[in-house]
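The file model-v8.txt contains compact mmCIF, N, CA and C atoms:
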# COMPACT_ATOMS: atom_id res chain seq x y z
N MET A 1 112.07 80.96 79.39
CA MET A 1 111.63 82.30 79.67
C MET A 1 110.88 82.32 81.00
N LYS A 2 111.23 83.26 81.85
CA LYS A 2 110.59 83.40 83.16
C LYS A 2 109.21 84.04 83.01
N SER A 3 108.25 83.52 83.76
CA SER A 3 106.92 84.13 83.74
C SER A 3 106.91 85.39 84.60
N PHE A 4 105.97 86.25 84.32
CA PHE A 4 105.85 87.53 84.99
C PHE A 4 104.39 87.68 85.39
N LYS A 5 104.13 87.76 86.69
CA LYS A 5 102.76 87.83 87.19
C LYS A 5 102.36 89.28 87.46
N VAL A 6 101.25 89.69 86.86
CA VAL A 6 100.75 91.06 86.98
C VAL A 6 99.44 91.05 87.76
N ALA A 7 99.32 91.95 88.72
CA ALA A 7 98.08 92.12 89.48
C ALA A 7 97.42 93.42 89.05
N LEU A 8 96.13 93.37 88.81
CA LEU A 8 95.37 94.56 88.47
C LEU A 8 94.53 94.95 89.67
N ALA A 9 94.74 96.15 90.18
CA ALA A 9 94.03 96.61 91.37
C ALA A 9 92.80 97.42 90.96
N GLN A 10 91.72 97.22 91.68
CA GLN A 10 90.51 97.97 91.43
C GLN A 10 89.89 98.36 92.77
N PHE A 11 89.65 99.64 92.96
CA PHE A 11 88.95 100.11 94.15
C PHE A 11 88.36 101.48 93.83
N SER A 12 87.53 101.97 94.71
CA SER A 12 86.89 103.28 94.52
C SER A 12 87.59 104.31 95.39
N PRO A 13 88.54 105.04 94.84
CA PRO A 13 89.21 106.06 95.65
C PRO A 13 88.26 107.22 95.96
N HIS A 14 88.47 107.83 97.10
CA HIS A 14 87.69 109.00 97.49
C HIS A 14 88.42 110.25 96.99
N ILE A 15 87.72 111.09 96.30
CA ILE A 15 88.32 112.29 95.72
C ILE A 15 88.90 113.16 96.83
N GLY A 16 90.20 113.43 96.74
CA GLY A 16 90.88 114.31 97.68
C GLY A 16 91.35 113.66 98.96
N ASN A 17 90.98 112.40 99.22
CA ASN A 17 91.37 111.75 100.47
C ASN A 17 92.62 110.89 100.22
N ILE A 18 93.75 111.57 100.11
CA ILE A 18 95.01 110.93 99.75
C ILE A 18 95.41 109.88 100.78
N ASP A 19 95.26 110.18 102.06
CA ASP A 19 95.66 109.22 103.11
C ASP A 19 94.87 107.92 103.02
N SER A 20 93.57 108.02 102.90
CA SER A 20 92.73 106.82 102.80
C SER A 20 93.02 106.04 101.52
N ASN A 21 93.16 106.75 100.42
CA ASN A 21 93.44 106.08 99.15
C ASN A 21 94.79 105.37 99.19
N THR A 22 95.78 106.00 99.81
CA THR A 22 97.10 105.40 99.92
C THR A 22 97.03 104.13 100.76
N GLN A 23 96.28 104.17 101.85
CA GLN A 23 96.14 102.97 102.69
C GLN A 23 95.47 101.83 101.93
N LYS A 24 94.45 102.16 101.14
CA LYS A 24 93.80 101.13 100.32
C LYS A 24 94.79 100.54 99.32
N MET A 25 95.63 101.39 98.75
CA MET A 25 96.61 100.92 97.79
C MET A 25 97.65 100.03 98.46
N ILE A 26 98.08 100.40 99.66
CA ILE A 26 99.05 99.58 100.40
C ILE A 26 98.45 98.20 100.69
N GLU A 27 97.17 98.17 101.08
CA GLU A 27 96.50 96.89 101.32
C GLU A 27 96.49 96.03 100.05
N GLN A 28 96.25 96.67 98.92
CA GLN A 28 96.22 95.92 97.67
C GLN A 28 97.61 95.47 97.25
N VAL A 29 98.63 96.27 97.54
CA VAL A 29 100.01 95.84 97.27
C VAL A 29 100.33 94.60 98.09
N ASN A 30 99.97 94.64 99.37
CA ASN A 30 100.23 93.48 100.24
C ASN A 30 99.49 92.23 99.76
N GLN A 31 98.25 92.41 99.31
CA GLN A 31 97.48 91.28 98.80
C GLN A 31 98.14 90.73 97.53
N ALA A 32 98.59 91.60 96.65
CA ALA A 32 99.24 91.16 95.41
C ALA A 32 100.54 90.43 95.71
N LYS A 33 101.27 90.91 96.72
CA LYS A 33 102.52 90.25 97.10
C LYS A 33 102.26 88.85 97.63
N LYS A 34 101.17 88.67 98.37
CA LYS A 34 100.81 87.34 98.88
C LYS A 34 100.52 86.37 97.73
N GLN A 35 100.12 86.92 96.60
CA GLN A 35 99.82 86.10 95.43
C GLN A 35 101.02 86.06 94.47
N ASP A 36 102.17 86.48 94.96
CA ASP A 36 103.43 86.44 94.20
C ASP A 36 103.41 87.28 92.93
N ALA A 37 102.73 88.41 92.96
CA ALA A 37 102.72 89.30 91.80
C ALA A 37 104.06 90.02 91.69
N ASP A 38 104.51 90.19 90.47
CA ASP A 38 105.75 90.92 90.20
C ASP A 38 105.47 92.41 89.95
N LEU A 39 104.25 92.73 89.58
CA LEU A 39 103.87 94.09 89.23
C LEU A 39 102.41 94.28 89.60
N ILE A 40 102.07 95.46 90.14
CA ILE A 40 100.67 95.79 90.40
C ILE A 40 100.34 97.07 89.65
N ILE A 41 99.19 97.06 89.01
CA ILE A 41 98.76 98.22 88.22
C ILE A 41 97.50 98.79 88.85
N PHE A 42 97.54 100.10 89.10
CA PHE A 42 96.41 100.81 89.68
C PHE A 42 95.74 101.69 88.62
N PRO A 43 94.46 102.00 88.82
CA PRO A 43 93.79 102.91 87.89
C PRO A 43 94.39 104.32 87.94
N GLU A 44 94.16 105.03 86.88
CA GLU A 44 94.59 106.42 86.76
C GLU A 44 94.09 107.24 87.96
N LEU A 45 94.94 108.08 88.51
CA LEU A 45 94.61 109.00 89.60
C LEU A 45 94.12 108.31 90.87
N SER A 46 94.61 107.11 91.14
CA SER A 46 94.19 106.37 92.34
C SER A 46 94.52 107.09 93.63
N VAL A 47 95.62 107.81 93.66
CA VAL A 47 96.03 108.47 94.91
C VAL A 47 95.11 109.63 95.25
N ILE A 48 94.72 110.44 94.27
CA ILE A 48 93.90 111.60 94.59
C ILE A 48 92.43 111.44 94.24
N GLY A 49 92.09 110.38 93.53
CA GLY A 49 90.70 110.17 93.15
C GLY A 49 90.39 110.81 91.81
N TYR A 50 89.30 110.35 91.20
CA TYR A 50 88.94 110.82 89.87
C TYR A 50 87.48 111.23 89.86
N PRO A 51 87.15 112.34 89.32
CA PRO A 51 87.97 113.33 88.64
C PRO A 51 88.63 114.28 89.62
N ALA A 52 89.85 114.61 89.36
CA ALA A 52 90.62 115.45 90.28
C ALA A 52 90.19 116.91 90.26
N GLU A 53 89.73 117.36 89.14
CA GLU A 53 89.25 118.74 88.94
C GLU A 53 90.17 119.77 89.56
N ASP A 54 89.67 120.60 90.48
CA ASP A 54 90.47 121.70 91.03
C ASP A 54 91.53 121.25 92.04
N LEU A 55 91.53 119.98 92.44
CA LEU A 55 92.57 119.48 93.35
C LEU A 55 93.95 119.68 92.75
N LEU A 56 94.03 119.57 91.44
CA LEU A 56 95.32 119.71 90.76
C LEU A 56 95.91 121.11 90.90
N LEU A 57 95.09 122.07 91.27
CA LEU A 57 95.56 123.45 91.41
C LEU A 57 96.01 123.79 92.84
N ARG A 58 95.80 122.91 93.78
CA ARG A 58 96.17 123.19 95.17
C ARG A 58 97.69 123.16 95.33
N PRO A 59 98.23 124.15 96.04
CA PRO A 59 99.69 124.27 96.13
C PRO A 59 100.39 123.13 96.87
N ASN A 60 99.73 122.48 97.81
CA ASN A 60 100.40 121.43 98.58
C ASN A 60 100.18 120.02 98.00
N LEU A 61 99.50 119.93 96.88
CA LEU A 61 99.18 118.63 96.32
C LEU A 61 100.43 117.82 95.98
N ASN A 62 101.43 118.45 95.38
CA ASN A 62 102.65 117.71 95.01
C ASN A 62 103.32 117.08 96.22
N LYS A 63 103.41 117.83 97.31
CA LYS A 63 104.04 117.29 98.52
C LYS A 63 103.25 116.11 99.07
N ARG A 64 101.93 116.24 99.09
CA ARG A 64 101.08 115.16 99.59
C ARG A 64 101.18 113.92 98.71
N MET A 65 101.26 114.12 97.40
CA MET A 65 101.40 112.99 96.48
C MET A 65 102.77 112.33 96.63
N GLN A 66 103.81 113.13 96.79
CA GLN A 66 105.15 112.58 97.00
C GLN A 66 105.19 111.73 98.27
N LYS A 67 104.54 112.20 99.33
CA LYS A 67 104.48 111.44 100.57
C LYS A 67 103.76 110.11 100.35
N ALA A 68 102.66 110.14 99.61
CA ALA A 68 101.90 108.92 99.34
C ALA A 68 102.74 107.92 98.54
N PHE A 69 103.43 108.40 97.51
CA PHE A 69 104.26 107.50 96.70
C PHE A 69 105.44 106.95 97.51
N ALA A 70 105.97 107.75 98.42
CA ALA A 70 107.05 107.27 99.29
C ALA A 70 106.54 106.16 100.20
N GLN A 71 105.33 106.32 100.73
CA GLN A 71 104.75 105.27 101.58
C GLN A 71 104.55 103.98 100.78
N LEU A 72 104.09 104.11 99.55
CA LEU A 72 103.89 102.92 98.71
C LEU A 72 105.22 102.25 98.39
N ALA A 73 106.24 103.06 98.16
CA ALA A 73 107.56 102.51 97.83
C ALA A 73 108.19 101.79 99.01
N GLU A 74 107.78 102.14 100.22
CA GLU A 74 108.35 101.53 101.43
C GLU A 74 107.74 100.19 101.79
N VAL A 75 106.68 99.78 101.09
CA VAL A 75 106.07 98.49 101.38
C VAL A 75 107.11 97.41 101.07
N LYS A 76 107.47 96.65 102.09
CA LYS A 76 108.57 95.68 101.99
C LYS A 76 108.10 94.32 101.51
N ASP A 77 109.06 93.57 101.00
CA ASP A 77 108.79 92.19 100.58
C ASP A 77 108.51 91.31 101.78
Show how you would write the structure in this file as structure tokens.
Amino acid sequence: MKSFKVALAQFSPHIGNIDSNTQKMIEQVNQAKKQDADLIIFPELSVIGYPAEDLLLRPNLNKRMQKAFAQLAEVKD
């Protein structure tokens, strides 16, 4: 059976600062990759910060979150 290495990420996201939070997440993805992790797990609402409160009601939030997830998905091996 092949082993599976999981990395658990922990950082303090800034509420509403999607760009900064995404950059922190990319740094942690790169660090996990250097340690040969197969999967990285982030805390709930890492991209927008917690508690999100009224941020969830902003009309452009979905587009900004999609952009952040696309940036994370583009991190190469």
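Taking atom CA of Glu44 of chain A as the reference point, atom CA of Gly16 of chain A is found at 14.0 Å.
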List the spatial neighbours of Ser46 of chain A as a ChimeraX atom specification - criterion: any atom at most 6.5 Å away, all atoms listed in the file, same-chain residues fewer than 6 positions off excluded. /A:13,21-22
Keeping only N, CA and C atoms, write the selected residues as an mmCIF file, keeping the file's coordinate frame.
data_model
loop_
_atom_site.group_PDB
_atom_site.id
_atom_site.type_symbol
_atom_site.label_atom_id
_atom_site.label_comp_id
_atom_site.auth_asym_id
_atom_site.auth_seq_id
_atom_site.Cartn_x
_atom_site.Cartn_y
_atom_site.Cartn_z
ATOM 1 N N PRO A 13 88.540 105.040 94.840
ATOM 2 C CA PRO A 13 89.210 106.060 95.650
ATOM 3 C C PRO A 13 88.260 107.220 95.960
ATOM 4 N N ASN A 21 93.160 106.750 100.420
ATOM 5 C CA ASN A 21 93.440 106.080 99.150
ATOM 6 C C ASN A 21 94.790 105.370 99.190
ATOM 7 N N THR A 22 95.780 106.000 99.810
ATOM 8 C CA THR A 22 97.100 105.400 99.920
ATOM 9 C C THR A 22 97.030 104.130 100.760
#
Would you mind telling me which residue in A:Pro43, A:Ile48, A:Val29, A:Gln35 lies nearest to Phe11 of chain A when using only C-alpha atoms? A:Pro43
Could you work out how far atom C of Gln31 of chain A lies from atom N of Tyr50 of chain A, giving the answer in Å with one decimal?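 Pair atom N of Tyr50 of chain A / atom C of Gln31 of chain A returns 22.4 Å.
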Rounded to one decimal in Å, what is the spacing between atom CA of Glu27 of chain A and atom CA of Asp54 of chain A? 27.5 Å
Excluding same-chain residues fewer than 6 positions from segment 64-76 of chain A, what lies within 7 Å of it counting all atoms listed in the file, as a list in words? Ile18, Thr22, Met25 and Ile26 of chain A
Name the residues of chain A that fall into strand (DSSP E or B) according to DSSP on the backbone, using the chain letters and numbers of this document, as a PDB file with N, CA and C atoms, in the coordinates of the input.
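The result, written out as states27.pdb:
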ATOM      1  N   VAL A   6     101.250  89.690  86.860  1.00  0.00           N
ATOM      2  CA  VAL A   6     100.750  91.060  86.980  1.00  0.00           C
ATOM      3  C   VAL A   6      99.440  91.050  87.760  1.00  0.00           C
ATOM      4  N   ALA A   7      99.320  91.950  88.720  1.00  0.00           N
ATOM      5  CA  ALA A   7      98.080  92.120  89.480  1.00  0.00           C
ATOM      6  C   ALA A   7      97.420  93.420  89.050  1.00  0.00           C
ATOM      7  N   LEU A   8      96.130  93.370  88.810  1.00  0.00           N
ATOM      8  CA  LEU A   8      95.370  94.560  88.470  1.00  0.00           C
ATOM      9  C   LEU A   8      94.530  94.950  89.670  1.00  0.00           C
ATOM     10  N   LEU A  39     104.250  92.730  89.580  1.00  0.00           N
ATOM     11  CA  LEU A  39     103.870  94.090  89.230  1.00  0.00           C
ATOM     12  C   LEU A  39     102.410  94.280  89.600  1.00  0.00           C
ATOM     13  N   ILE A  40     102.070  95.460  90.140  1.00  0.00           N
ATOM     14  CA  ILE A  40     100.670  95.790  90.400  1.00  0.00           C
ATOM     15  C   ILE A  40     100.340  97.070  89.650  1.00  0.00           C
ATOM     16  N   ILE A  41      99.190  97.060  89.010  1.00  0.00           N
ATOM     17  CA  ILE A  41      98.760  98.220  88.220  1.00  0.00           C
ATOM     18  C   ILE A  41      97.500  98.790  88.850  1.00  0.00           C
TER      19      ILE A  41
END
For Pro51 of chain A, which residue out of A:Lys33, A:Ile15, A:Ser3, A:Leu8 is the nearest one, using only N, CA and C atoms?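 Ranking A:Lys33, A:Ile15, A:Ser3, A:Leu8 by distance to Pro51 of chain A, first place goes to A:Ile15.
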Edge lengths and centre in Å, axis-aligned, segment 46-51 of chain A plus 6 Å each side, as JSON:
{"center_x": 91.6, "center_y": 110.3, "center_z": 91.9, "size_x": 20.9, "size_y": 19.9, "size_z": 18.6}
With distances taken over only N, CA and C atoms, which of A:Lys34, A:Gly49, A:Gln28, A:Leu55 is nearest to Gln10 of chain A?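 Closest to Gln10 of chain A of all the choices is A:Gln28.
Nearest residue to Ala7 of chain A among A:Asp19, A:Asn30, A:Ile41, A:Asp36 is A:Ile41, counting all atoms listed in the file.
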Compare A:Ala52, A:Leu39, A:Val47, A:Leu61 by their minimum atom-to-atom distance to Lys5 of chain A, counting all atoms listed in the file, and give me the closest one.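 That would be A:Leu39, the residue with the smallest distance to Lys5 of chain A.
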Please run DSSP on the backbone and report, as a ChimeraX atom specification, all residues within chain A that come out as alpha helix (DSSP H). /A:18-34,61-73
